Amino acid sequence: GATWESAKGTLAGALQGASNGTHVYMMAGTYVCHNVLIPNGVTVTGGYAQTSTGTDLSQRNYPGSNDNWDSLTWCTILNGADSTRVITVNSGGTIEGCVLTHGKVTDKGGGVLIDGGTVTHCVLINNVALDYENQTAKGGGAYIQNNGFLLNSVVAKNIANNGPGVAGTDGTLTNNTITANVARANCGTVTDDDGNV
């Protein structure tokens, strides 16, 4: 919809028919998302209060503080309902200013599969990527491939067999906080540019 009064009730509904250059603005609140696909050229921006007018970026909140991660009046919360990945961001797609939570997969990317797209200023929390039989699931919070980007985000309290916070084959991570994630098997190690393991 073109106004808050005519807005769609779900992110999937808002993305139906979205084309290159579309910008979807989301009000604070909780939305159930079952592996919603953000396509090429589409940007999804969360954190708007109901009292905001238009699409003024200064009238929205980022979920960057621990105190605000679960606040429905502050955050746009995308919830996978512990049954599917929350979202997939394709090449050229962007999501920003949202909390991605309660995603669950047995392969890769419990919270988000970044398939060449960009995730920025988001919180990825309480997502799961577990394969109990083969112990091969990766990226509880996020899995990055095809030159995807994870920027200025918080990745916390996610669980996976391997790479509990973030895993992937090809991508860029910049200025993220990755903390309190749990590996259930074969976690290996990560070494940063300064040699810290």
# chains A, B, ... in the order shown; residues from 1 in each chain; ligands from 1
$ closest_atom_pairs --of "segment 6-54 of chain A" --to "segment 76-98 of chain A" --cutoff "9 Å" --atoms "only C-alpha atoms" --output "tab-separated table"
residue	atom	partner	partner_atom	distance
A:Leu11	CA	A:Leu78	CA	8.8
A:Asn20	CA	A:Gly92	CA	8.9
A:Met26	CA	A:Thr76	CA	6.8
A:Met27	CA	A:Thr76	CA	6.3
A:Ala28	CA	A:Thr76	CA	4.2
A:Gly29	CA	A:Thr76	CA	5.0
A:Thr30	CA	A:Ile77	CA	4.6
A:Tyr31	CA	A:Leu78	CA	5.0
A:Val32	CA	A:Asn79	CA	4.8
A:Cys33	CA	A:Gly80	CA	5.2
A:His34	CA	A:Thr84	CA	5.5
A:Asn35	CA	A:Ile87	CA	4.3
A:Val36	CA	A:Ile87	CA	4.6
A:Leu37	CA	A:Thr88	CA	4.9
A:Ile38	CA	A:Val89	CA	4.8
A:Pro39	CA	A:Asn90	CA	5.2
A:Asn40	CA	A:Gly92	CA	4.4
A:Gly41	CA	A:Gly92	CA	5.0
A:Val42	CA	A:Gly93	CA	5.0
A:Thr43	CA	A:Thr94	CA	4.6
A:Val44	CA	A:Ile95	CA	4.7
A:Thr45	CA	A:Glu96	CA	5.0
A:Gly46	CA	A:Gly97	CA	4.9
A:Gly47	CA	A:Thr76	CA	5.1
A:Tyr48	CA	A:Thr76	CA	7.7
$ select_by_dssp --residues "segment 2-196 of chain A" --states "strand (DSSP E)" --output "PyMOL selection string"
chain A and resi 23-27+29-32+36-38+43-48+76-79+87-90+94-96+98-101+104-105+112-115+118-120+123-125+128-129+142-145+148-151+154-156+159-160+166-168+171-174+177-179+182-183
$ atom_distance --atom1 "atom CA of Thr51 of chain A" --atom2 "atom CA of Val99 of chain A"
20.2 Å
$ closest_residue --among "A:Thr10, A:Thr172, A:Asn181, A:Asn152" --to "Gly139 of chain A" --atoms "only C-alpha atoms"
A:Asn181
$ residues_around --residues "Ala2 of chain A" --least-positions-apart "3" --cutoff "12 Å" --atoms "only C-alpha atoms" --output "PyMOL selection string"
chain A and resi 5-8+14+22-26+53-55
$ write_last_selection --atoms "C-alpha atoms" --output "mmCIF file, in the first residue's frame"
data_model
loop_
_atom_site.group_PDB
_atom_site.id
_atom_site.type_symbol
_atom_site.label_atom_id
_atom_site.label_comp_id
_atom_site.auth_asym_id
_atom_site.auth_seq_id
_atom_site.Cartn_x
_atom_site.Cartn_y
_atom_site.Cartn_z
ATOM 1 C CA GLU A 5 -3.631 2.829 6.359
ATOM 2 C CA SER A 6 -3.485 0.792 3.149
ATOM 3 C CA ALA A 7 -0.356 -1.174 4.055
ATOM 4 C CA LYS A 8 -0.141 -4.916 3.460
ATOM 5 C CA ALA A 14 4.151 -6.358 0.244
ATOM 6 C CA THR A 22 10.896 -1.007 -5.058
ATOM 7 C CA HIS A 23 11.385 0.133 -1.445
ATOM 8 C CA VAL A 24 9.218 -1.560 1.208
ATOM 9 C CA TYR A 25 8.841 0.321 4.516
ATOM 10 C CA MET A 26 7.791 -1.721 7.583
ATOM 11 C CA THR A 53 4.782 10.124 8.411
ATOM 12 C CA GLY A 54 5.909 9.313 4.922
ATOM 13 C CA THR A 55 9.173 7.462 4.495
#
$ select_by_dssp --residues "segment 31-116 of chain A" --states "helix (DSSP H, G or I)" --output "list in words"
Leu57, Ser58, Gln59, Asn66, Asp67 and Asn68 of chain A
$ write_last_selection --atoms "all heavy atoms" --output "PDB file, in the first residue's frame"
ATOM      1  N   LEU A  57      13.566   8.619   6.813  1.00  0.00           N
ATOM      2  CA  LEU A  57      14.443   7.676   7.518  1.00  0.00           C
ATOM      3  C   LEU A  57      14.768   8.127   8.933  1.00  0.00           C
ATOM      4  O   LEU A  57      15.091   7.310   9.787  1.00  0.00           O
ATOM      5  CB  LEU A  57      15.734   7.468   6.723  1.00  0.00           C
ATOM      6  CG  LEU A  57      15.576   6.771   5.375  1.00  0.00           C
ATOM      7  CD1 LEU A  57      16.920   6.659   4.672  1.00  0.00           C
ATOM      8  CD2 LEU A  57      14.953   5.400   5.523  1.00  0.00           C
ATOM      9  N   SER A  58      14.674   9.407   9.229  1.00  0.00           N
ATOM     10  CA  SER A  58      14.971   9.888  10.587  1.00  0.00           C
ATOM     11  C   SER A  58      13.867   9.522  11.564  1.00  0.00           C
ATOM     12  O   SER A  58      14.046   9.643  12.774  1.00  0.00           O
ATOM     13  CB  SER A  58      15.179  11.405  10.584  1.00  0.00           C
ATOM     14  OG  SER A  58      13.953  12.077  10.331  1.00  0.00           O
ATOM     15  N   GLN A  59      12.725   9.049  11.074  1.00  0.00           N
ATOM     16  CA  GLN A  59      11.601   8.712  11.943  1.00  0.00           C
ATOM     17  C   GLN A  59      11.516   7.226  12.256  1.00  0.00           C
ATOM     18  O   GLN A  59      10.462   6.716  12.591  1.00  0.00           O
ATOM     19  CB  GLN A  59      10.291   9.168  11.306  1.00  0.00           C
ATOM     20  CG  GLN A  59      10.176  10.661  11.202  1.00  0.00           C
ATOM     21  CD  GLN A  59       8.812  11.090  10.699  1.00  0.00           C
ATOM     22  OE1 GLN A  59       8.110  10.329  10.056  1.00  0.00           O
ATOM     23  NE2 GLN A  59       8.430  12.313  11.008  1.00  0.00           N
ATOM     24  N   ASN A  66      20.709  -3.984  23.163  1.00  0.00           N
ATOM     25  CA  ASN A  66      20.152  -5.187  23.789  1.00  0.00           C
ATOM     26  C   ASN A  66      18.778  -4.936  24.396  1.00  0.00           C
ATOM     27  O   ASN A  66      17.906  -5.787  24.361  1.00  0.00           O
ATOM     28  CB  ASN A  66      21.083  -5.696  24.897  1.00  0.00           C
ATOM     29  CG  ASN A  66      22.332  -6.314  24.345  1.00  0.00           C
ATOM     30  OD1 ASN A  66      22.453  -6.515  23.150  1.00  0.00           O
ATOM     31  ND2 ASN A  66      23.272  -6.626  25.201  1.00  0.00           N
ATOM     32  N   ASP A  67      18.576  -3.749  24.958  1.00  0.00           N
ATOM     33  CA  ASP A  67      17.314  -3.446  25.620  1.00  0.00           C
ATOM     34  C   ASP A  67      16.133  -3.387  24.652  1.00  0.00           C
ATOM     35  O   ASP A  67      14.991  -3.450  25.068  1.00  0.00           O
ATOM     36  CB  ASP A  67      17.423  -2.108  26.358  1.00  0.00           C
ATOM     37  CG  ASP A  67      18.426  -2.151  27.491  1.00  0.00           C
ATOM     38  OD1 ASP A  67      18.721  -3.268  27.982  1.00  0.00           O
ATOM     39  OD2 ASP A  67      18.934  -1.088  27.875  1.00  0.00           O
ATOM     40  N   ASN A  68      16.416  -3.236  23.374  1.00  0.00           N
ATOM     41  CA  ASN A  68      15.339  -3.039  22.414  1.00  0.00           C
ATOM     42  C   ASN A  68      15.086  -4.222  21.498  1.00  0.00           C
ATOM     43  O   ASN A  68      14.184  -4.163  20.658  1.00  0.00           O
ATOM     44  CB  ASN A  68      15.648  -1.803  21.553  1.00  0.00           C
ATOM     45  CG  ASN A  68      15.702  -0.543  22.382  1.00  0.00           C
ATOM     46  OD1 ASN A  68      14.885  -0.346  23.257  1.00  0.00           O
ATOM     47  ND2 ASN A  68      16.680   0.298  22.120  1.00  0.00           N
TER      48      ASN A  68
END
$ closest_residue --among "A:Ala12, A:Thr174, A:His121, A:Asp107" --to "Tyr62 of chain A" --atoms "only C-alpha atoms"
A:His121
$ atom_distance --atom1 "atom CA of Cys122 of chain A" --atom2 "atom CA of Arg184 of chain A"
24.4 Å
$ closest_residue --among "A:Ala18, A:Ile159, A:Val197, A:Leu173" --to "Asp131 of chain A" --atoms "only C-alpha atoms"
A:Ile159
